[in-house]
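**Q** Pasting final06.cif here (mmCIF, C-alpha atoms):
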```cif
data_query
loop_
_atom_site.label_atom_id
_atom_site.label_comp_id
_atom_site.auth_asym_id
_atom_site.auth_seq_id
_atom_site.Cartn_x
_atom_site.Cartn_y
_atom_site.Cartn_z
CA MET A 1 149.24 109.94 115.14
CA THR A 2 151.31 109.04 112.07
CA GLU A 3 151.89 111.13 108.98
CA VAL A 4 150.81 109.59 105.70
CA ASP A 5 153.18 109.35 102.72
CA GLU A 6 152.84 111.86 99.93
CA GLY A 7 151.27 109.75 97.17
CA THR A 8 148.45 108.39 99.33
CA GLY A 9 148.22 111.81 100.94
CA HIS A 10 147.50 113.72 97.72
CA ARG A 11 144.78 111.29 96.60
CA ALA A 12 143.27 111.22 100.09
CA VAL A 13 143.25 115.04 100.28
CA ILE A 14 141.32 115.22 96.99
CA ASP A 15 138.94 112.54 98.28
CA LEU A 16 138.35 114.28 101.58
CA LEU A 17 137.88 117.74 100.02
CA GLY A 18 135.65 116.16 97.35
CA VAL A 19 133.37 114.41 99.82
CA LEU A 20 133.21 117.58 101.93
CA ALA A 21 132.43 119.76 98.92
CA TYR A 22 129.51 117.51 98.02
CA ALA A 23 128.46 117.25 101.67
CA GLU A 24 128.19 121.06 101.79
CA LEU A 25 126.15 121.10 98.58
CA THR A 26 123.70 118.51 99.99
CA ALA A 27 123.64 120.32 103.35
CA PHE A 28 122.59 123.42 101.43
CA ASP A 29 119.83 121.46 99.71
CA ARG A 30 118.61 119.90 102.90
CA LEU A 31 118.58 123.14 104.87
CA ALA A 32 116.83 124.93 102.01
CA GLU A 33 114.20 122.20 101.93
CA ASP A 34 113.75 122.13 105.70
CA ALA A 35 113.48 125.93 105.78
CA ARG A 36 110.07 125.48 104.17
CA LEU A 37 108.93 123.50 107.21
CA ALA A 38 109.61 126.48 109.48
CA PRO A 39 106.61 127.59 111.53
CA THR A 40 107.63 131.27 111.23
CA LEU A 41 109.21 133.54 108.63
CA ASP A 42 112.05 134.21 111.10
CA GLY A 43 112.80 130.49 111.40
CA ARG A 44 112.65 130.12 107.64
CA ALA A 45 115.09 133.00 107.13
CA ALA A 46 117.40 131.56 109.83
CA LEU A 47 117.64 128.20 108.06
CA ALA A 48 118.07 129.89 104.68
CA ARG A 49 121.02 131.86 106.12
CA MET A 50 122.61 128.62 107.35
CA ALA A 51 122.12 127.11 103.90
CA ALA A 52 123.88 130.11 102.37
CA ALA A 53 126.81 129.61 104.78
CA GLU A 54 127.20 126.02 103.54
CA ILE A 55 127.53 127.30 99.99
CA ALA A 56 130.29 129.67 101.07
CA HIS A 57 132.10 126.60 102.47
CA HIS A 58 131.46 124.69 99.28
CA GLU A 59 133.12 127.51 97.35
CA ARG A 60 136.21 127.52 99.61
CA LEU A 61 136.62 123.76 99.11
CA SER A 62 136.07 124.04 95.35
CA ALA A 63 138.70 126.77 95.09
CA ARG A 64 141.23 124.57 96.93
CA LEU A 65 140.42 121.55 94.76
CA ARG A 66 141.04 123.63 91.63
CA GLU A 67 144.30 124.88 93.17
CA LEU A 68 145.35 121.23 93.61
CA GLY A 69 144.66 120.65 89.92
CA ALA A 70 141.50 118.61 90.55
CA ASP A 71 138.20 118.91 88.70
CA VAL A 72 135.61 119.84 91.35
CA SER A 73 132.80 117.90 89.77
CA ALA A 74 134.97 114.78 89.30
CA ALA A 75 136.16 115.00 92.92
CA MET A 76 132.58 115.09 94.21
CA THR A 77 131.07 112.47 91.91
CA PRO A 78 132.28 109.31 93.75
CA PHE A 79 130.41 110.44 96.89
CA VAL A 80 127.10 111.47 95.34
CA ALA A 81 125.38 108.09 95.67
CA ALA A 82 126.22 107.53 99.35
CA LEU A 83 125.39 111.06 100.50
CA ASP A 84 122.17 111.16 98.47
CA ALA A 85 121.20 107.77 99.93
CA PHE A 86 121.77 109.14 103.43
CA HIS A 87 119.59 112.19 102.80
CA ASP A 88 116.89 110.25 100.96
CA GLY A 89 116.77 107.76 103.82
CA THR A 90 116.48 110.48 106.45
CA ARG A 91 114.19 113.08 104.95
CA ALA A 92 112.81 115.21 107.77
CA SER A 93 109.03 115.32 107.85
CA THR A 94 108.72 117.99 110.53
CA TRP A 95 110.53 121.17 111.46
CA LEU A 96 111.91 119.56 114.65
CA GLU A 97 113.17 116.49 112.80
CA GLY A 98 114.99 118.82 110.42
CA LEU A 99 116.63 120.65 113.31
CA VAL A 100 117.65 117.43 115.07
CA LYS A 101 119.13 116.26 111.79
CA ALA A 102 121.02 119.53 111.37
CA TYR A 103 122.40 119.36 114.91
CA VAL A 104 122.98 115.63 115.47
CA GLY A 105 123.72 114.59 111.90
CA ASP A 106 125.96 117.51 110.99
CA GLY A 107 127.70 117.26 114.38
CA LEU A 108 128.51 113.61 113.81
CA ALA A 109 129.71 114.22 110.27
CA ALA A 110 131.82 117.20 111.35
CA ASP A 111 133.49 115.17 114.12
CA PHE A 112 134.32 112.42 111.68
CA TYR A 113 135.73 114.74 109.00
CA ARG A 114 137.71 116.63 111.64
CA GLU A 115 139.31 113.41 112.92
CA VAL A 116 140.34 112.47 109.38
CA ALA A 117 141.58 115.99 108.60
CA ALA A 118 143.94 115.76 111.59
CA PHE A 119 146.07 113.37 109.48
CA LEU A 120 146.32 115.84 106.59
CA PRO A 121 149.16 118.27 105.96
CA GLN A 122 148.58 122.03 106.03
CA PRO A 123 146.94 124.10 104.60
CA ASP A 124 144.24 121.49 104.05
CA ARG A 125 143.90 120.62 107.71
CA ALA A 126 143.15 124.26 108.54
CA LEU A 127 140.77 124.60 105.60
CA VAL A 128 138.73 121.57 106.69
CA GLU A 129 138.58 122.85 110.26
CA GLU A 130 137.44 126.22 108.98
CA VAL A 131 134.61 124.90 106.82
CA LEU A 132 133.48 122.61 109.63
CA ALA A 133 133.23 125.48 112.10
CA ASP A 134 129.67 125.84 113.30
CA THR A 135 127.63 128.31 111.26
CA GLY A 136 125.08 128.94 113.99
CA HIS A 137 123.13 125.71 113.43
CA ALA A 138 123.97 124.34 116.82
CA ASP A 139 122.68 127.16 119.00
CA PHE A 140 119.61 127.75 116.89
CA ALA A 141 118.65 124.05 116.75
CA LEU A 142 119.32 123.57 120.46
CA ARG A 143 117.14 126.51 121.41
CA GLU A 144 114.23 125.48 119.20
CA VAL A 145 114.30 121.77 120.12
CA ARG A 146 114.63 122.40 123.85
CA ALA A 147 111.76 124.88 123.75
CA ALA A 148 109.59 122.34 121.90
CA ILE A 149 110.38 119.61 124.45
CA ALA A 150 109.66 122.00 127.31
CA ALA A 151 106.29 122.79 125.76
CA ASP A 152 105.45 119.13 125.09
CA PRO A 153 107.75 116.54 126.76
CA LYS A 154 106.23 113.75 124.66
CA VAL A 155 108.13 114.88 121.56
CA ALA A 156 111.44 113.86 123.23
CA GLY A 157 110.83 110.13 122.75
CA ARG A 158 109.99 110.46 119.06
CA LEU A 159 112.97 112.72 118.41
CA ALA A 160 115.35 110.36 120.24
CA LEU A 161 114.21 107.50 117.97
CA TRP A 162 114.69 109.77 114.96
CA ALA A 163 118.24 110.61 116.10
CA ARG A 164 119.05 106.90 116.44
CA ARG A 165 117.82 106.32 112.90
CA LEU A 166 120.09 109.15 111.68
CA VAL A 167 123.11 107.56 113.36
CA GLY A 168 122.32 104.12 111.94
CA GLU A 169 121.93 105.48 108.43
CA ALA A 170 125.11 107.59 108.77
CA LEU A 171 127.13 104.53 109.85
CA THR A 172 125.80 102.45 106.95
CA GLN A 173 126.66 105.11 104.37
CA SER A 174 130.06 106.03 105.78
CA GLN A 175 131.10 102.37 105.83
CA ALA A 176 130.07 102.14 102.18
CA VAL A 177 132.12 105.25 101.31
CA ILE A 178 135.25 104.03 103.11
CA ALA A 179 134.97 100.51 101.68
CA GLU A 180 135.05 101.99 98.16
CA HIS A 181 137.92 104.42 98.76
CA ASP A 182 141.13 102.61 99.61
CA GLU A 183 143.13 105.80 100.06
CA LEU A 184 140.65 107.16 102.59
CA ALA A 185 140.64 103.82 104.47
CA GLU A 186 144.44 103.75 104.40
CA LEU A 187 144.60 107.36 105.58
CA ILE A 188 142.42 106.54 108.58
CA ILE A 189 144.24 103.33 109.53
CA THR A 190 147.73 104.77 108.98
CA GLY A 191 146.73 108.01 110.70
CA THR A 192 145.30 106.36 113.81
CA GLY A 193 148.24 103.91 113.93
CA ASP A 194 146.30 100.64 113.89
CA LEU A 195 142.84 99.17 114.39
CA ALA A 196 142.95 100.00 118.10
CA GLY A 197 143.46 103.61 117.03
CA VAL A 198 140.40 103.37 114.77
CA GLY A 199 138.44 102.08 117.78
CA GLU A 200 139.54 105.08 119.85
CA LEU A 201 138.53 107.45 117.06
CA LEU A 202 135.05 105.90 116.96
CA GLY A 203 134.91 106.11 120.77
CA ARG A 204 135.61 109.86 120.67
CA ILE A 205 132.94 110.41 118.01
CA THR A 206 130.39 108.38 119.99
CA ALA A 207 131.14 110.29 123.20
CA ALA A 208 130.68 113.66 121.45
CA HIS A 209 127.40 112.40 119.99
CA SER A 210 126.11 111.50 123.47
CA VAL A 211 126.97 114.98 124.72
CA ARG A 212 124.95 116.53 121.87
CA MET A 213 121.97 114.27 122.52
CA ARG A 214 121.92 115.19 126.19
CA ALA A 215 122.23 118.89 125.30
CA LEU A 216 119.06 118.50 123.21
CA GLY A 217 117.32 116.84 126.17
CA LEU A 218 117.26 113.44 124.43
CA ASN A 219 118.43 110.02 125.65
CA PRO A 220 121.45 108.97 123.55
CA MET B 1 108.99 162.46 88.68
CA THR B 2 107.44 163.82 91.89
CA GLU B 3 108.65 163.32 95.45
CA VAL B 4 106.18 161.74 97.83
CA ASP B 5 105.29 163.31 101.17
CA GLU B 6 106.93 161.97 104.30
CA GLY B 7 104.03 160.07 105.93
CA THR B 8 103.14 158.08 102.83
CA GLY B 9 106.85 157.79 102.13
CA HIS B 10 107.71 156.01 105.38
CA ARG B 11 104.89 153.48 105.08
CA ALA B 12 105.67 152.90 101.41
CA VAL B 13 109.37 152.40 102.15
CA ILE B 14 108.51 149.70 104.73
CA ASP B 15 106.12 148.12 102.22
CA LEU B 16 108.65 148.12 99.42
CA LEU B 17 111.51 146.81 101.58
CA GLY B 18 109.12 144.23 103.06
CA VAL B 19 107.95 142.90 99.71
CA LEU B 20 111.54 142.82 98.48
CA ALA B 21 112.76 141.00 101.61
CA TYR B 22 110.13 138.32 101.08
CA ALA B 23 110.82 138.24 97.34
CA GLU B 24 114.49 137.48 98.10
CA LEU B 25 113.49 134.71 100.50
CA THR B 26 111.23 133.10 97.90
CA ALA B 27 113.87 133.60 95.20
CA PHE B 28 116.25 131.68 97.47
CA ASP B 29 113.68 128.89 97.83
CA ARG B 30 112.97 128.72 94.15
CA LEU B 31 116.63 128.72 93.08
CA ALA B 32 117.43 126.08 95.71
CA GLU B 33 114.59 123.93 94.39
CA ASP B 34 115.53 124.45 90.74
CA ALA B 35 119.19 123.66 91.53
CA ARG B 36 118.07 120.06 91.98
CA LEU B 37 116.91 119.99 88.35
CA ALA B 38 120.44 120.78 87.16
CA PRO B 39 121.84 118.24 84.70
CA THR B 40 125.38 118.62 86.15
CA LEU B 41 126.95 119.18 89.57
CA ASP B 42 128.48 122.39 88.23
CA GLY B 43 125.05 123.72 87.24
CA ARG B 44 123.65 122.72 90.60
CA ALA B 45 126.46 124.52 92.45
CA ALA B 46 125.99 127.59 90.23
CA LEU B 47 122.29 127.87 91.11
CA ALA B 48 123.02 127.22 94.79
CA ARG B 49 125.51 130.12 94.75
CA MET B 50 122.87 132.41 93.25
CA ALA B 51 120.42 131.31 95.95
CA ALA B 52 123.00 132.18 98.59
CA ALA B 53 123.40 135.65 97.03
CA GLU B 54 119.64 136.23 97.41
CA ILE B 55 119.91 135.50 101.11
CA ALA B 56 122.68 138.07 101.45
CA HIS B 57 120.25 140.59 99.89
CA HIS B 58 117.51 139.46 102.20
CA GLU B 59 119.80 140.17 105.15
CA ARG B 60 120.65 143.69 103.90
CA LEU B 61 116.94 144.51 103.56
CA SER B 62 116.14 143.00 106.97
CA ALA B 63 118.87 145.07 108.61
CA ARG B 64 117.45 148.26 107.05
CA LEU B 65 113.90 147.38 108.11
CA ARG B 66 115.10 146.91 111.70
CA GLU B 67 116.94 150.24 111.47
CA LEU B 68 113.65 151.88 110.45
CA GLY B 69 112.01 150.37 113.55
CA ALA B 70 110.01 147.79 111.60
CA ASP B 71 109.57 144.14 112.49
CA VAL B 72 110.99 142.18 109.54
CA SER B 73 108.49 139.38 109.75
CA ALA B 74 105.54 141.78 110.03
CA ALA B 75 106.82 143.79 107.05
CA MET B 76 107.01 140.66 104.88
CA THR B 77 103.74 139.02 105.95
CA PRO B 78 101.31 141.09 103.80
CA PHE B 79 103.11 139.91 100.65
CA VAL B 80 103.43 136.20 101.44
CA ALA B 81 100.17 135.12 99.82
CA ALA B 82 100.70 136.90 96.48
CA LEU B 83 104.35 135.89 96.07
CA ASP B 84 103.65 132.30 97.09
CA ALA B 85 100.74 132.20 94.64
CA PHE B 86 103.06 133.42 91.88
CA HIS B 87 105.64 130.73 92.62
CA ASP B 88 103.08 127.97 93.11
CA GLY B 89 101.47 128.92 89.81
CA THR B 90 104.76 128.91 87.94
CA ARG B 91 106.69 125.97 89.33
CA ALA B 92 109.42 125.05 86.85
CA SER B 93 109.27 121.42 85.78
CA THR B 94 112.53 121.41 83.85
CA TRP B 95 115.96 122.92 84.26
CA LEU B 96 115.40 125.27 81.28
CA GLU B 97 112.04 126.46 82.60
CA GLY B 98 113.77 127.27 85.89
CA LEU B 99 116.43 129.30 84.08
CA VAL B 100 113.89 131.19 81.96
CA LYS B 101 111.96 131.95 85.11
CA ALA B 102 115.14 133.19 86.83
CA TYR B 103 116.03 135.41 83.86
CA VAL B 104 112.67 136.63 82.60
CA GLY B 105 110.74 136.61 85.88
CA ASP B 106 113.45 138.13 88.05
CA GLY B 107 114.28 140.65 85.33
CA LEU B 108 110.66 141.79 85.17
CA ALA B 109 110.36 142.00 88.95
CA ALA B 110 113.67 143.86 89.26
CA ASP B 111 112.60 146.43 86.64
CA PHE B 112 109.35 147.03 88.48
CA TYR B 113 110.96 147.39 91.91
CA ARG B 114 113.62 149.66 90.45
CA GLU B 115 111.00 151.96 88.92
CA VAL B 116 109.20 152.22 92.27
CA ALA B 117 112.45 152.71 94.18
CA ALA B 118 113.21 155.74 92.00
CA PHE B 119 110.49 157.59 93.97
CA LEU B 120 112.08 156.78 97.34
CA PRO B 121 114.45 159.00 99.29
CA GLN B 122 118.04 157.93 99.99
CA PRO B 123 119.52 155.70 101.39
CA ASP B 124 116.66 153.36 100.51
CA ARG B 125 116.80 154.05 96.80
CA ALA B 126 120.47 153.01 96.72
CA LEU B 127 119.82 149.95 98.87
CA VAL B 128 117.08 148.69 96.56
CA GLU B 129 119.27 149.26 93.52
CA GLU B 130 122.08 147.38 95.22
CA VAL B 131 120.02 144.30 96.12
CA LEU B 132 118.51 144.25 92.64
CA ALA B 133 121.91 144.19 90.98
CA ASP B 134 122.34 141.04 88.97
CA THR B 135 124.02 138.22 90.90
CA GLY B 136 125.18 136.36 87.84
CA HIS B 137 121.77 134.84 87.02
CA ALA B 138 121.47 136.66 83.78
CA ASP B 139 124.67 135.57 82.08
CA PHE B 140 124.42 132.02 83.33
CA ALA B 141 120.78 131.59 82.29
CA LEU B 142 121.37 133.23 78.91
CA ARG B 143 124.30 130.95 78.16
CA GLU B 144 122.49 127.76 79.15
CA VAL B 145 119.20 128.58 77.42
CA ARG B 146 120.84 129.72 74.18
CA ALA B 147 122.99 126.59 74.12
CA ALA B 148 119.89 124.42 74.60
CA ILE B 149 118.03 126.20 71.78
CA ALA B 150 121.05 125.88 69.51
CA ALA B 151 121.15 122.14 70.22
CA ASP B 152 117.40 121.69 69.69
CA PRO B 153 115.54 124.67 68.13
CA LYS B 154 112.17 123.09 68.98
CA VAL B 155 112.53 124.00 72.67
CA ALA B 156 112.25 127.72 71.78
CA GLY B 157 108.49 127.53 71.15
CA ARG B 158 107.76 125.79 74.43
CA LEU B 159 109.96 128.18 76.40
CA ALA B 160 108.36 131.23 74.77
CA LEU B 161 104.92 129.98 75.88
CA TRP B 162 106.30 129.40 79.36
CA ALA B 163 107.69 132.96 79.49
CA ARG B 164 104.27 134.35 78.48
CA ARG B 165 102.66 132.39 81.29
CA LEU B 166 105.20 133.85 83.73
CA VAL B 167 104.36 137.38 82.61
CA GLY B 168 100.62 136.77 82.89
CA GLU B 169 100.94 135.34 86.38
CA ALA B 170 103.28 138.16 87.45
CA LEU B 171 100.78 140.80 86.26
CA THR B 172 97.91 139.11 88.08
CA GLN B 173 99.81 138.92 91.35
CA SER B 174 101.33 142.39 91.21
CA GLN B 175 97.91 143.94 90.55
CA ALA B 176 96.61 142.07 93.61
CA VAL B 177 99.49 143.38 95.74
CA ILE B 178 99.05 146.99 94.63
CA ALA B 179 95.26 146.86 95.03
CA GLU B 180 95.72 145.85 98.68
CA HIS B 181 98.41 148.41 99.49
CA ASP B 182 97.14 151.95 99.16
CA GLU B 183 100.48 153.52 100.08
CA LEU B 184 102.28 151.58 97.36
CA ALA B 185 99.60 152.51 94.81
CA GLU B 186 99.79 156.14 95.89
CA LEU B 187 103.58 156.07 95.72
CA ILE B 188 103.45 154.84 92.15
CA ILE B 189 100.77 157.26 90.98
CA THR B 190 102.25 160.26 92.81
CA GLY B 191 105.75 159.27 91.73
CA THR B 192 104.90 158.91 88.04
CA GLY B 193 102.82 162.10 88.15
CA ASP B 194 99.53 160.70 86.82
CA LEU B 195 97.99 157.73 85.04
CA ALA B 196 99.82 158.62 81.83
CA GLY B 197 103.02 158.33 83.88
CA VAL B 198 101.95 154.88 85.05
CA GLY B 199 101.42 153.93 81.41
CA GLU B 200 104.92 155.09 80.52
CA LEU B 201 106.35 153.09 83.42
CA LEU B 202 104.61 149.95 82.16
CA GLY B 203 105.86 150.72 78.65
CA ARG B 204 109.46 150.85 79.85
CA ILE B 205 109.06 147.55 81.72
CA THR B 206 107.50 145.88 78.68
CA ALA B 207 110.25 147.12 76.36
CA ALA B 208 112.96 145.77 78.68
CA HIS B 209 111.12 142.45 78.83
CA SER B 210 111.12 142.17 75.02
CA VAL B 211 114.88 142.83 74.95
CA ARG B 212 115.41 139.97 77.41
CA MET B 213 113.21 137.58 75.44
CA ARG B 214 115.11 138.31 72.23
CA ALA B 215 118.43 137.87 74.05
CA LEU B 216 117.27 134.38 75.02
CA GLY B 217 116.35 133.68 71.41
CA LEU B 218 112.60 133.67 72.15
CA ASN B 219 109.75 135.57 70.51
CA PRO B 220 108.36 138.09 73.02
#
```
Would it be possible to restate this file's structure as structure tokens?
**A**
Amino acid sequence: MTEVDEGTGHRAVIDLLGVLAYAELTAFDRLAEDARLAPTLDGRAALARMAAAEIAHHERLSARLRELGADVSAAMTPFVAALDAFHDGTRASTWLEGLVKAYVGDGLAADFYREVAAFLPQPDRALVEEVLADTGHADFALREVRAAIAADPKVAGRLALWARRLVGEALTQSQAVIAEHDELAELIITGTGDLAGVGELLGRITAAHSVRMRALGLNP
Amino acid sequence: MTEVDEGTGHRAVIDLLGVLAYAELTAFDRLAEDARLAPTLDGRAALARMAAAEIAHHERLSARLRELGADVSAAMTPFVAALDAFHDGTRASTWLEGLVKAYVGDGLAADFYREVAAFLPQPDRALVEEVLADTGHADFALREVRAAIAADPKVAGRLALWARRLVGEALTQSQAVIAEHDELAELIITGTGDLAGVGELLGRITAAHSVRMRALGLNP
């Protein structure tokens, strides 16, 4: 792993914190929306609590952006279109789809952001790791999805297809984001060393995704 | 003000904490939904933060309900229909309508709950007062609505009509709730002393409502 030079680094830090800050705001939105699909008041409150945790993360990232002299809104703006397109293209229509999206989609995104954050200097590396720490989504989603598959094994096939669609849409949108942000692209290539390093990074993310799919009881 | 006897008191405490716990959950929902109407990312983040604060209140109430031996979901269930009917009947279609609803509607509800809580023993009285404390809605909504009226005085008439509709719908639904919950009705009548006391309570709530309307720049 190679350290990035300071000029690229500063711009890339703002970019990464900006995309994360907006990602937390959309995660809030999405969880709040999916909470309404909950079959019970307990499930609805559980998702609402997770949504609230995302906003706490959003606030931590915003505070750091301001500390770095950046305008929070301006730092988020370049990523609005891609993240909105991802969410609009993968709107959950059932409670289980929402949970799979929370577990598989957020897991994938968190792995990616964590890999990129590894190239950042402190304290930003620690901050990104902190806001990416699981807020209870994983266990809750796992429990609910596994119980639903146990009760009706047929749902597994449909949910596996849904998860593949999430991955496809996530790849499309993240390529679009990186193509438009030279500093982020440079950070990733410089950080990983070369294109072979980028391939290894993608390999690690794919492997972690397969582990999550199997944990849900779904074929990757 | 008269203290209520213990049997009625316990049931009424569960009822009041239950209705409040569900009110916070729906307030979360509503703020999360209205956040999407925000004209700026800053406004959207501000409403999302307020929504997150409601969930923190919901958690405090849930913890107390569990402490009292009540099932949180069961305590909320009797109030779902009335509160959902209120929100479905007063769905904001613009950012300003959402803010007026947050300020006028939540203010009205908070005044009512606070009056009822005054008849409760401690620590529940303090808990209710704590979760009803303003989470920044008021100032934010006031600022935004007044700025909008200053920029275009014509919006004041439309928003005043909207506020009247909110009050009408709130009265309809709260009468329905009280009619179905004898212990709550008894708590209010015993607490205020008699029907004249109930009238005074309503007078205080109405006066506070008029103050809020004028603060917004709207005719009550």
**Q** With all atoms listed in the file as the atoms that count, which of B:Arg60, B:Arg146, B:Arg125, B:Arg91 lies nearest to Trp162 (chain B)?
**A**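 Selected residue with least distance to Trp162 (chain B): B:Arg91.
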**Q** If you apply the PyMOL selection byres ((chain A) within 8 of (chain B)) to this file, what residues do you get, as a list in words?
**A**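 Taken on the displayed file, the PyMOL selection byres ((chain A) within 8 of (chain B)) yields the residues Leu25, Phe28, Asp29, Ala32, Glu33, Leu41, Asp42, Ala45, Ala48, Arg49, Ala51, Ala52, Ala53, Ile55, Ala56 and Ser73 of chain A.
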**Q** Got time to write the residues from that selection, C-alpha atoms, as a PDB file, in the coordinates of the input?
**A**
```pdb
ATOM      1  CA  LEU A  25     126.150 121.100  98.580  1.00  0.00           C
ATOM      2  CA  PHE A  28     122.590 123.420 101.430  1.00  0.00           C
ATOM      3  CA  ASP A  29     119.830 121.460  99.710  1.00  0.00           C
ATOM      4  CA  ALA A  32     116.830 124.930 102.010  1.00  0.00           C
ATOM      5  CA  GLU A  33     114.200 122.200 101.930  1.00  0.00           C
ATOM      6  CA  LEU A  41     109.210 133.540 108.630  1.00  0.00           C
ATOM      7  CA  ASP A  42     112.050 134.210 111.100  1.00  0.00           C
ATOM      8  CA  ALA A  45     115.090 133.000 107.130  1.00  0.00           C
ATOM      9  CA  ALA A  48     118.070 129.890 104.680  1.00  0.00           C
ATOM     10  CA  ARG A  49     121.020 131.860 106.120  1.00  0.00           C
ATOM     11  CA  ALA A  51     122.120 127.110 103.900  1.00  0.00           C
ATOM     12  CA  ALA A  52     123.880 130.110 102.370  1.00  0.00           C
ATOM     13  CA  ALA A  53     126.810 129.610 104.780  1.00  0.00           C
ATOM     14  CA  ILE A  55     127.530 127.300  99.990  1.00  0.00           C
ATOM     15  CA  ALA A  56     130.290 129.670 101.070  1.00  0.00           C
ATOM     16  CA  SER A  73     132.800 117.900  89.770  1.00  0.00           C
TER      17      SER A  73
END
```
**Q** On this file, the PyMOL selection byres ((chain A and resi 15-17) around 9) gives some set of residues; write that set as a ChimeraX atom specification.
**A** /A:10-14,18-22,61-62,64-65,75-76,78-79,113,116-117,124,128,181,183-184
**Q** For C-alpha atoms, I'd like the residues from the last selection saved as a PDB file, in the frame of the given file.
**A**
```pdb
ATOM      1  CA  HIS A  10     147.500 113.720  97.720  1.00  0.00           C
ATOM      2  CA  ARG A  11     144.780 111.290  96.600  1.00  0.00           C
ATOM      3  CA  ALA A  12     143.270 111.220 100.090  1.00  0.00           C
ATOM      4  CA  VAL A  13     143.250 115.040 100.280  1.00  0.00           C
ATOM      5  CA  ILE A  14     141.320 115.220  96.990  1.00  0.00           C
ATOM      6  CA  GLY A  18     135.650 116.160  97.350  1.00  0.00           C
ATOM      7  CA  VAL A  19     133.370 114.410  99.820  1.00  0.00           C
ATOM      8  CA  LEU A  20     133.210 117.580 101.930  1.00  0.00           C
ATOM      9  CA  ALA A  21     132.430 119.760  98.920  1.00  0.00           C
ATOM     10  CA  TYR A  22     129.510 117.510  98.020  1.00  0.00           C
ATOM     11  CA  LEU A  61     136.620 123.760  99.110  1.00  0.00           C
ATOM     12  CA  SER A  62     136.070 124.040  95.350  1.00  0.00           C
ATOM     13  CA  ARG A  64     141.230 124.570  96.930  1.00  0.00           C
ATOM     14  CA  LEU A  65     140.420 121.550  94.760  1.00  0.00           C
ATOM     15  CA  ALA A  75     136.160 115.000  92.920  1.00  0.00           C
ATOM     16  CA  MET A  76     132.580 115.090  94.210  1.00  0.00           C
ATOM     17  CA  PRO A  78     132.280 109.310  93.750  1.00  0.00           C
ATOM     18  CA  PHE A  79     130.410 110.440  96.890  1.00  0.00           C
ATOM     19  CA  TYR A 113     135.730 114.740 109.000  1.00  0.00           C
ATOM     20  CA  VAL A 116     140.340 112.470 109.380  1.00  0.00           C
ATOM     21  CA  ALA A 117     141.580 115.990 108.600  1.00  0.00           C
ATOM     22  CA  ASP A 124     144.240 121.490 104.050  1.00  0.00           C
ATOM     23  CA  VAL A 128     138.730 121.570 106.690  1.00  0.00           C
ATOM     24  CA  HIS A 181     137.920 104.420  98.760  1.00  0.00           C
ATOM     25  CA  GLU A 183     143.130 105.800 100.060  1.00  0.00           C
ATOM     26  CA  LEU A 184     140.650 107.160 102.590  1.00  0.00           C
TER      27      LEU A 184
END
```
**Q** Expressed in Å to a single decimal, how great is the separation between CA of Asp71 (chain A) and CA of Glu24 (chain A)?
**A**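 We find that CA of Asp71 (chain A) and CA of Glu24 (chain A) lie 16.6 Å from each other.
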**Q** Between CA of Gly197 (chain B) and CA of Phe119 (chain B), what distance in Å does the model show, to one decimal?
**A**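 CA of Phe119 (chain B) lies 12.6 Å from CA of Gly197 (chain B).
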**Q** Please, what distance in Å, to one decimal, runs between CA of Ala82 (chain B) and CA of Gln173 (chain B)?
**A**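 Those two atoms sit 5.6 Å apart.
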**Q** Around the point (120.3, 111.0, 104.6) in the file's coordinates, collect all residues with an atom within 10 Å, using only C-alpha atoms, and return them as a list in words.
**A**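 Every residue inside that radius is included here: Thr26, Ala27, Arg30, Ala82, Leu83, Asp84, Ala85, Phe86, His87, Asp88, Gly89, Thr90, Arg91, Ala92, Lys101, Gly105, Arg165, Leu166, Val167, Glu169, Ala170 and Gln173 of chain A.
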**Q** Between A:Glu130, A:Arg114, A:Ser174, A:Arg143, which residue has the minimum interatomic distance to His57 (chain A), considering all atoms listed in the file?
**A** A:Glu130
**Q** Applied to this file, what does the PyMOL selection byres ((chain A and resi 192) around 12) return in terms of residues, put as a CSV table (one decimal) with C-alpha atoms, keeping the file's coordinate frame?
**A**
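This went into result_25.csv:
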```
chain,number,residue,atom,x,y,z
A,1,MET,CA,149.2,109.9,115.1
A,2,THR,CA,151.3,109.0,112.1
A,3,GLU,CA,151.9,111.1,109.0
A,4,VAL,CA,150.8,109.6,105.7
A,115,GLU,CA,139.3,113.4,112.9
A,116,VAL,CA,140.3,112.5,109.4
A,117,ALA,CA,141.6,116.0,108.6
A,118,ALA,CA,143.9,115.8,111.6
A,119,PHE,CA,146.1,113.4,109.5
A,120,LEU,CA,146.3,115.8,106.6
A,185,ALA,CA,140.6,103.8,104.5
A,186,GLU,CA,144.4,103.8,104.4
A,187,LEU,CA,144.6,107.4,105.6
A,188,ILE,CA,142.4,106.5,108.6
A,189,ILE,CA,144.2,103.3,109.5
A,190,THR,CA,147.7,104.8,109.0
A,191,GLY,CA,146.7,108.0,110.7
A,193,GLY,CA,148.2,103.9,113.9
A,194,ASP,CA,146.3,100.6,113.9
A,195,LEU,CA,142.8,99.2,114.4
A,196,ALA,CA,143.0,100.0,118.1
A,197,GLY,CA,143.5,103.6,117.0
A,198,VAL,CA,140.4,103.4,114.8
A,199,GLY,CA,138.4,102.1,117.8
A,200,GLU,CA,139.5,105.1,119.8
A,201,LEU,CA,138.5,107.4,117.1
A,202,LEU,CA,135.0,105.9,117.0
```
**Q** Could you check which of A:Ile178, A:Val155, A:Ile205, A:Leu108 is closest to Leu218 (chain A), using all atoms listed in the file?
**A**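 Smallest separation from Leu218 (chain A) among the options: A:Val155.
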